[in-house]
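Structure file work_35.cif; described as mmCIF, C-alpha atoms.
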```
data_my_file
#
loop_
_atom_site.label_atom_id
_atom_site.label_comp_id
_atom_site.auth_asym_id
_atom_site.auth_seq_id
_atom_site.Cartn_x
_atom_site.Cartn_y
_atom_site.Cartn_z
CA MET P 2 145.46 116.35 104.35
CA PRO P 3 144.98 112.68 105.28
CA LEU P 4 141.85 110.87 104.16
CA PRO P 5 139.08 110.60 106.76
CA GLN P 6 138.91 107.19 108.38
CA ARG P 7 135.45 107.49 109.95
CA ILE P 8 132.69 109.38 108.10
CA ILE P 9 129.22 110.35 109.24
CA VAL P 10 126.88 110.04 106.24
CA THR P 11 123.42 111.65 106.34
CA ARG P 12 120.46 110.87 104.11
CA PHE P 13 117.14 110.91 105.94
CA SER P 14 114.67 110.22 103.12
CA ALA P 15 113.08 109.35 100.69
CA MET P 16 113.05 105.60 100.35
CA GLY P 17 114.43 105.40 96.82
CA ASP P 18 117.12 107.99 97.54
CA VAL P 19 118.29 106.10 100.63
CA ALA P 20 118.43 102.86 98.62
CA MET P 21 120.65 104.65 96.08
CA VAL P 22 122.97 105.74 98.89
CA ALA P 23 123.29 102.09 99.90
CA SER P 24 124.28 101.16 96.34
CA VAL P 25 127.01 103.80 96.41
CA LEU P 26 128.27 102.79 99.86
CA LYS P 27 128.60 99.17 98.71
CA GLU P 28 131.15 100.20 96.12
CA PHE P 29 132.81 102.82 98.31
CA CYS P 30 133.42 100.27 101.07
CA GLN P 31 134.85 97.80 98.56
CA GLN P 32 137.30 100.42 97.35
CA TYR P 33 138.14 101.76 100.84
CA PRO P 34 137.73 98.78 103.18
CA THR P 35 139.50 100.47 106.13
CA VAL P 36 137.15 103.48 106.22
CA GLU P 37 134.23 103.25 108.63
CA ILE P 38 130.85 104.73 107.73
CA ILE P 39 128.28 105.91 110.26
CA MET P 40 125.05 105.93 108.25
CA VAL P 41 122.37 108.23 109.67
CA SER P 42 118.84 107.69 108.45
CA ARG P 43 115.40 106.60 109.60
CA GLN P 44 115.33 103.26 111.38
CA PHE P 45 112.98 101.77 108.79
CA PHE P 46 115.75 102.01 106.18
CA ALA P 47 118.37 100.14 108.20
CA PRO P 48 117.97 96.89 106.17
CA PHE P 49 119.33 98.66 103.09
CA PHE P 50 122.73 98.78 104.76
CA GLU P 51 122.87 95.33 106.31
CA GLY P 52 125.77 93.32 104.99
CA ILE P 53 127.78 96.32 103.78
CA LYS P 54 131.19 96.00 105.35
CA ASN P 55 132.22 98.78 107.73
CA VAL P 56 128.80 100.50 107.77
CA ARG P 57 127.27 101.20 111.18
CA PHE P 58 123.71 102.45 111.23
CA HIS P 59 122.53 105.25 113.52
CA SER P 60 118.80 105.87 113.70
CA PHE P 61 117.38 109.35 113.06
CA GLU P 62 114.07 109.90 114.91
CA PRO P 63 112.62 113.21 113.62
CA LYS P 64 109.23 112.82 115.32
CA THR P 65 110.57 112.18 118.80
CA ILE P 66 114.05 112.62 120.26
CA HIS P 67 115.52 114.40 117.22
CA LYS P 68 112.60 116.75 116.55
CA GLY P 69 113.36 120.42 115.97
CA PHE P 70 116.59 122.32 116.51
CA PHE P 71 117.30 120.93 119.95
CA GLY P 72 116.64 117.45 118.66
CA LEU P 73 119.32 118.00 116.05
CA VAL P 74 121.67 119.25 118.78
CA ARG P 75 121.02 115.98 120.58
CA LEU P 76 121.67 114.01 117.38
CA LYS P 77 124.95 115.87 116.92
CA LYS P 78 126.00 114.93 120.46
CA GLU P 79 125.11 111.28 119.84
CA LEU P 80 127.09 111.19 116.61
CA ALA P 81 130.07 112.95 118.17
CA GLU P 82 130.53 109.87 120.36
CA TYR P 83 131.74 107.92 117.29
CA GLY P 84 134.83 110.10 116.98
CA ALA P 85 134.36 110.62 113.24
CA ASP P 86 136.64 112.96 111.33
CA ALA P 87 134.32 114.00 108.48
CA VAL P 88 130.67 114.46 107.53
CA ALA P 89 129.18 113.65 104.12
CA ASP P 90 125.80 115.33 103.78
CA LEU P 91 124.04 113.42 101.00
CA HIS P 92 120.69 115.08 101.60
CA TYR P 93 121.22 118.85 101.79
CA ASN P 94 117.84 119.63 103.26
CA LEU P 95 117.19 121.93 106.21
CA ARG P 96 117.82 119.30 108.88
CA SER P 97 120.99 117.90 107.35
CA ARG P 98 122.33 121.40 106.74
CA VAL P 99 121.74 122.42 110.36
CA LEU P 100 123.51 119.26 111.48
CA ALA P 101 126.37 120.00 109.10
CA VAL P 102 126.74 123.52 110.51
CA LEU P 103 126.89 122.13 114.06
CA PHE P 104 129.70 119.79 113.07
CA SER P 105 131.50 122.46 111.07
CA LEU P 106 131.46 124.79 114.09
CA ALA P 107 133.06 121.97 116.05
CA GLY P 108 135.92 121.84 113.53
CA MET P 109 134.75 118.80 111.53
CA ARG P 110 135.41 118.48 107.80
CA VAL P 111 132.03 118.71 106.06
CA ARG P 112 131.16 118.20 102.40
CA GLN P 113 127.64 118.50 101.01
CA LEU P 114 125.55 117.33 98.07
CA ASP P 115 125.19 119.51 94.98
CA LYS P 116 121.64 118.76 93.82
CA GLY P 117 122.08 120.53 90.48
CA ARG P 118 118.94 122.58 91.03
CA ALA P 119 119.56 125.04 88.21
CA GLU P 120 120.02 122.25 85.66
CA LYS P 121 116.91 120.46 86.89
CA LYS P 122 114.89 123.67 86.72
CA ALA P 123 115.99 124.14 83.10
CA LEU P 124 115.03 120.54 82.34
CA THR P 125 111.54 120.78 83.84
CA ARG P 126 110.44 124.33 83.04
CA LYS P 127 107.40 124.71 80.80
CA GLU P 128 109.10 126.56 77.97
CA HIS P 129 112.61 126.47 76.48
CA LYS P 130 113.55 123.24 78.22
CA VAL P 131 117.20 122.25 78.15
CA LYS P 132 116.85 118.50 77.60
CA HIS P 133 119.95 116.40 78.07
CA GLN P 134 121.19 113.77 80.46
CA LEU P 135 122.11 115.32 83.81
CA LYS P 136 124.59 113.82 86.21
CA LEU P 137 123.24 110.68 87.84
CA THR P 138 122.20 111.08 91.47
CA VAL P 139 124.52 108.27 92.52
CA GLU P 140 127.42 110.17 90.93
CA ARG P 141 126.37 113.28 92.87
CA TYR P 142 126.57 111.20 96.03
CA ALA P 143 130.00 109.90 95.02
CA ASP P 144 131.11 113.51 94.37
CA VAL P 145 130.69 114.28 98.07
CA PHE P 146 133.20 111.55 98.92
CA ARG P 147 135.48 112.77 96.13
CA ALA P 148 135.38 116.23 97.72
CA LEU P 149 136.70 114.57 100.89
CA GLY P 150 139.68 113.27 98.90
CA PHE P 151 138.54 109.79 97.86
CA HIS P 152 138.95 108.58 94.28
CA VAL P 153 135.64 106.77 94.04
CA GLU P 154 134.84 104.99 90.77
CA LEU P 155 131.32 103.63 90.40
CA SER P 156 130.93 100.61 88.13
CA HIS P 157 127.26 101.25 87.27
CA LYS P 158 126.75 97.51 86.98
CA LEU P 159 124.12 95.32 88.58
CA ALA P 160 125.55 92.80 91.05
CA LEU P 161 123.06 90.14 92.09
CA ASN P 162 122.75 89.98 95.88
CA LEU P 163 120.85 86.71 96.07
CA GLN P 164 119.37 85.93 99.49
CA ASP P 165 117.40 82.99 100.84
CA VAL P 166 113.67 83.22 100.29
CA PRO P 167 112.08 83.98 103.70
CA LYS P 168 110.16 81.00 105.04
CA VAL P 169 107.00 83.10 105.23
CA ALA P 170 107.24 83.61 101.44
CA PHE P 171 107.87 80.00 100.40
CA SER P 172 104.38 79.66 98.94
CA MET P 173 105.15 82.37 96.37
CA PHE P 174 108.07 80.39 94.99
CA GLY P 175 106.55 76.91 94.98
CA ASN P 176 106.21 76.62 91.20
CA PHE P 177 109.74 76.39 89.82
CA ASP P 178 108.54 76.23 86.19
CA ARG P 179 107.16 79.77 86.20
CA LYS P 180 109.31 82.88 86.10
CA LYS P 181 108.82 85.39 88.90
CA ILE P 182 108.11 89.00 88.01
CA GLY P 183 107.76 91.68 90.64
CA ILE P 184 105.53 94.67 89.95
CA ALA P 185 105.69 97.88 91.97
CA PRO P 186 102.66 99.61 90.41
CA PHE P 187 102.30 102.52 92.82
CA ALA P 188 104.15 105.76 93.57
CA GLN P 189 103.79 108.75 95.87
CA HIS P 190 102.49 110.99 93.08
CA ARG P 191 99.71 109.96 90.72
CA TYR P 192 101.38 111.46 87.66
CA LYS P 193 103.96 108.67 87.91
CA ILE P 194 101.42 105.82 88.06
CA LEU P 195 100.22 103.79 85.09
CA SER P 196 96.44 103.45 85.16
CA GLN P 197 94.91 100.43 86.86
CA VAL P 198 93.23 99.41 83.62
CA LYS P 199 96.54 99.28 81.78
CA MET P 200 98.31 97.55 84.64
CA GLU P 201 95.56 94.94 84.72
CA GLN P 202 96.08 94.24 81.03
CA ILE P 203 99.77 93.64 81.69
CA MET P 204 99.04 91.38 84.63
CA ASP P 205 96.40 89.44 82.68
CA TYR P 206 98.95 88.71 79.97
CA LEU P 207 101.73 87.72 82.38
CA THR P 208 99.67 85.45 84.61
CA HIS P 209 98.33 83.55 81.58
CA HIS P 210 101.71 83.21 79.85
CA GLY P 211 103.91 81.40 82.34
CA TYR P 212 104.71 84.11 84.90
CA ASP P 213 104.01 84.44 88.60
CA VAL P 214 103.43 88.07 89.63
CA LEU P 215 104.42 89.49 93.03
CA LEU P 216 103.02 92.92 93.92
CA PHE P 217 105.09 95.39 95.98
CA GLY P 218 104.83 98.77 97.66
CA GLY P 219 102.07 100.84 99.19
CA GLY P 220 99.79 101.47 102.15
CA LYS P 221 96.28 100.43 103.09
CA GLU P 222 94.62 101.71 99.93
CA GLU P 223 97.22 100.09 97.69
CA PHE P 224 96.98 96.87 99.70
CA GLN P 225 93.29 96.59 98.87
CA ILE P 226 93.87 97.22 95.17
CA ALA P 227 96.59 94.58 95.11
CA GLN P 228 94.42 92.17 97.08
CA ASN P 229 91.63 92.55 94.54
CA TRP P 230 94.13 91.77 91.79
CA THR P 231 95.17 88.54 93.49
CA GLU P 232 91.52 87.49 93.42
CA ARG P 233 91.08 88.39 89.76
CA PHE P 234 94.31 87.04 88.32
CA PRO P 235 95.82 83.58 88.89
CA ASN P 236 99.42 83.15 90.06
CA THR P 237 99.41 86.63 91.63
CA TYR P 238 100.68 87.40 95.12
CA ASN P 239 100.29 90.50 97.27
CA THR P 240 103.33 91.32 99.45
CA ILE P 241 102.11 94.75 100.61
CA GLY P 242 102.09 95.04 104.39
CA LYS P 243 102.88 91.37 104.86
CA PHE P 244 106.66 91.45 105.18
CA THR P 245 109.41 93.46 106.79
CA LEU P 246 111.63 95.56 104.56
CA ARG P 247 114.40 93.00 105.05
CA GLU P 248 112.11 90.22 103.89
CA GLU P 249 110.97 92.27 100.90
CA LEU P 250 114.57 92.80 99.81
CA ASP P 251 115.27 89.07 100.14
CA ILE P 252 112.19 88.26 98.06
CA ILE P 253 113.16 90.81 95.39
CA SER P 254 116.62 89.24 95.12
CA ASN P 255 114.94 86.04 93.89
CA LEU P 256 112.93 87.68 91.12
CA ASP P 257 113.68 87.17 87.45
CA LEU P 258 112.59 90.74 86.69
CA MET P 259 111.02 93.78 88.34
CA ILE P 260 108.59 96.23 86.76
CA SER P 261 108.32 99.56 88.55
CA MET P 262 107.18 103.11 88.19
CA ASP P 263 109.84 105.77 88.77
CA SER P 264 109.70 104.93 92.47
CA SER P 265 111.40 103.03 95.29
CA GLY P 266 110.68 99.62 93.72
CA LEU P 267 113.18 100.49 91.00
CA HIS P 268 115.90 101.36 93.50
CA MET P 269 115.25 98.36 95.74
CA ALA P 270 115.62 96.07 92.72
CA SER P 271 118.84 97.85 91.80
CA LEU P 272 120.22 97.43 95.31
CA MET P 273 119.60 93.67 95.08
CA GLY P 274 121.06 93.48 91.58
CA VAL P 275 117.80 92.63 89.79
CA ARG P 276 116.99 93.94 86.32
CA CYS P 277 114.09 96.39 86.31
CA LEU P 278 111.84 97.80 83.61
CA SER P 279 110.91 101.29 84.78
CA LEU P 280 107.98 103.35 83.52
CA TRP P 281 108.37 107.12 83.15
CA GLY P 282 105.69 109.76 82.63
CA ALA P 283 105.85 113.22 84.20
CA THR P 284 109.45 112.53 85.22
CA HIS P 285 112.38 111.60 82.98
CA PRO P 286 115.59 109.59 83.30
CA TYR P 287 117.44 112.74 82.25
CA ALA P 288 116.98 114.10 85.79
CA GLY P 289 119.42 111.46 87.03
CA PHE P 290 117.20 109.14 89.07
CA THR P 291 117.53 105.97 87.03
CA GLY P 292 118.18 102.83 89.02
CA TYR P 293 121.80 102.06 89.84
CA GLY P 294 123.23 99.72 87.22
CA GLN P 295 120.02 99.65 85.17
CA GLN P 296 120.16 100.12 81.42
CA ALA P 297 118.74 103.08 79.50
CA GLU P 298 116.86 100.77 77.15
CA ASP P 299 114.91 99.41 80.12
CA CYS P 300 113.36 102.83 80.75
CA ILE P 301 109.95 102.65 79.09
CA GLN P 302 108.68 106.06 78.04
CA VAL P 303 107.26 108.07 75.16
CA GLU P 304 109.21 111.20 74.34
CA HIS P 305 107.28 114.45 74.08
CA PRO P 306 108.44 118.10 74.13
CA ASN P 307 106.44 118.76 77.33
CA ARG P 308 108.26 116.07 79.30
CA PRO P 309 109.37 116.24 82.04
CA SER P 310 107.18 118.58 84.06
CA SER P 311 108.98 117.95 87.35
CA VAL P 312 111.79 116.04 88.97
CA TYR P 313 109.57 114.27 91.48
CA GLY P 314 106.40 113.70 89.45
CA ASN P 315 104.24 115.94 91.63
CA LYS P 316 102.98 118.06 88.72
CA PRO P 317 100.76 117.11 85.77
CA CYS P 318 102.48 116.70 82.42
CA ASP P 319 100.06 117.45 79.59
CA CYS P 320 101.22 115.97 76.29
CA ASP P 321 98.71 117.20 73.71
CA GLY P 322 95.78 116.50 76.02
CA THR P 323 97.16 113.23 77.41
CA GLU P 324 98.95 112.82 80.71
CA ALA P 325 102.54 111.73 79.97
CA ILE P 326 102.33 108.41 81.84
CA ASP P 327 99.24 107.53 79.76
CA LEU P 328 101.30 107.61 76.58
CA ILE P 329 102.70 104.24 77.65
CA THR P 330 100.66 101.28 76.42
CA PRO P 331 100.44 97.78 77.91
CA GLU P 332 101.76 96.46 74.60
CA MET P 333 104.99 98.42 75.03
CA VAL P 334 105.62 96.79 78.41
CA ILE P 335 104.61 93.30 77.30
CA GLU P 336 106.77 93.51 74.18
CA LYS P 337 109.79 94.41 76.30
CA ILE P 338 109.16 91.54 78.72
CA THR P 339 108.76 88.97 75.98
CA ALA P 340 111.94 90.23 74.29
CA ILE P 341 113.86 89.63 77.52
CA ARG P 342 112.48 86.13 77.86
#
```
Using structure tokens, write down the structure from this file.
Amino acid sequence: MPLPQRIIVTRFSAMGDVAMVASVLKEFCQQYPTVEIIMVSRQFFAPFFEGIKNVRFHSFEPKTIHKGFFGLVRLKKELAEYGADAVADLHYNLRSRVLAVLFSLAGMRVRQLDKGRAEKKALTRKEHKVKHQLKLTVERYADVFRALGFHVELSHKLALNLQDVPKVAFSMFGNFDRKKIGIAPFAQHRYKILSQVKMEQIMDYLTHHGYDVLLFGGGKEEFQIAQNWTERFPNTYNTIGKFTLREELDIISNLDLMISMDSSGLHMASLMGVRCLSLWGATHPYAGFTGYGQQAEDCIQVEHPNRPSSVYGNKPCDCDGTEAIDLITPEMVIEKITAIR
């Protein structure tokens, strides 16, 4: 059977997962430059795919025109206009599976993501955990293309995608003598977040030892926390809510280093080819969500038999009376940063 030449790729959320898809598509399109990709995701994530050759972005609008079953029927009709010959479902949630069925009934070749749920359940269960490195999520994504007949080989190497600093961010890069460190201190689930007190100790050290700190990621509540930090610590800048996603990616590409929880900041840094120190508590790199091209030694964590409690960090992880993320000390992070310098 001939290889597909135009593939509909679906991954609707979450932010970090979509960024990982972009990292995979970069390499896929380099290896198969004649294959066209129709990337289907939320409009907000479109900047992740800008500049990737042969990727066309199609917006998924789940709250309006693509809401419910009939919305998915409409989305299928829209996508059918591209004349694709295969579907790669990189999400495998209810919506993407319904869409895949609609295309399959129309005679389209469809391949879908294997999330490895049984392995992840064994890794995160309370007792008798089976702790070992599971297949990386990016390799699971690549497996879907392999199932379509492509011999995809991922390099797992960071490739700096340096962009011009946006004019609106010039003030953050005015001092050329100070290294720029990004910090993404927040996450969707609190069990993945280092305490504010500990983060403040890290920031206090950095801003008084030759670093400029740029804060990323969050909503209104996180904006206010970050804003308070800019008032307390010198050489600290709050980017939250001030830039478009495209501008954030361009800013990140100019960082010397990123520090992030197990969250989207890690995967955005990876997409731009920037080294990232990631902090892990209730979750674990074994689940396969490490940043693309990042090194295992840059995952800061304290091993404990109770870790991990979940894949997504939505459950507490009690480690002898201490939440797993609280096992990490500011000194561990600072020591790693100074070793890099």
Sort by chain and increasing residue number a table of all residues of region 183-255 of chain P within 8 Å of region 261-271 of chain P, each with its closest pair of atoms and their distance in Å to one decimal, counting all atoms listed in the file, and write it as JSON lines.
```
{"residue": "P:Ile184", "atom": "CA", "partner": "P:Ser261", "partner_atom": "CA", "distance": 5.8}
{"residue": "P:Ala185", "atom": "CA", "partner": "P:Ser261", "partner_atom": "CA", "distance": 4.6}
{"residue": "P:Pro186", "atom": "CA", "partner": "P:Ser261", "partner_atom": "CA", "distance": 6.0}
{"residue": "P:Phe187", "atom": "CA", "partner": "P:Met262", "partner_atom": "CA", "distance": 6.8}
{"residue": "P:Ala188", "atom": "CA", "partner": "P:Ser264", "partner_atom": "CA", "distance": 5.7}
{"residue": "P:Gln189", "atom": "CA", "partner": "P:Ser264", "partner_atom": "CA", "distance": 7.8}
{"residue": "P:Lys193", "atom": "CA", "partner": "P:Met262", "partner_atom": "CA", "distance": 6.4}
{"residue": "P:Ile194", "atom": "CA", "partner": "P:Met262", "partner_atom": "CA", "distance": 6.4}
{"residue": "P:Leu195", "atom": "CA", "partner": "P:Met262", "partner_atom": "CA", "distance": 7.6}
{"residue": "P:Phe217", "atom": "CA", "partner": "P:Gly266", "partner_atom": "CA", "distance": 7.4}
{"residue": "P:Gly218", "atom": "CA", "partner": "P:Gly266", "partner_atom": "CA", "distance": 7.1}
{"residue": "P:Leu250", "atom": "CA", "partner": "P:Met269", "partner_atom": "CA", "distance": 6.9}
{"residue": "P:Ile253", "atom": "CA", "partner": "P:Ala270", "partner_atom": "CA", "distance": 6.4}
{"residue": "P:Ser254", "atom": "CA", "partner": "P:Ala270", "partner_atom": "CA", "distance": 7.3}
```
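Each of P:Arg276, P:His67, P:Arg191, P:Lys27 was compared to Val139 (chain P) using all atoms listed in the file, and P:Lys27 turns out to be the nearest.
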Closest of P:Ser24, P:Gln113, P:Thr330, P:Thr284 to Arg147 (chain P) - atom-to-atom distances counting only C-alpha atoms | P:Gln113
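Shortest atom-to-atom contact with Phe58 (chain P) among P:Leu328, P:Ala23, P:Val36, P:Ala227: P:Ala23, counting only C-alpha atoms.
Restricting the calculation to all atoms listed in the file, the smallest distance between Arg110 (chain P) and any of P:Pro34, P:Pro167, P:Pro5, P:Gly69 is found for P:Pro5.
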The PyMOL selection byres ((chain P and resi 158) around 8) resolved against shown file, as an mmCIF file with C-alpha atoms, in the frame of the given file:
```cif
data_model
loop_
_atom_site.group_PDB
_atom_site.id
_atom_site.type_symbol
_atom_site.label_atom_id
_atom_site.label_comp_id
_atom_site.auth_asym_id
_atom_site.auth_seq_id
_atom_site.Cartn_x
_atom_site.Cartn_y
_atom_site.Cartn_z
ATOM 1 C CA SER P 156 130.930 100.610 88.130
ATOM 2 C CA HIS P 157 127.260 101.250 87.270
ATOM 3 C CA LEU P 159 124.120 95.320 88.580
ATOM 4 C CA ALA P 160 125.550 92.800 91.050
ATOM 5 C CA TYR P 293 121.800 102.060 89.840
ATOM 6 C CA GLY P 294 123.230 99.720 87.220
ATOM 7 C CA GLN P 295 120.020 99.650 85.170
#
```
Might you spell out which residues the PyMOL selection byres ((chain P and resi 324) around 12) would select in the displayed file, as a PyMOL selection string?
-> chain P and resi 191-196+281-284+303+305+307-310+314+316-323+325-329
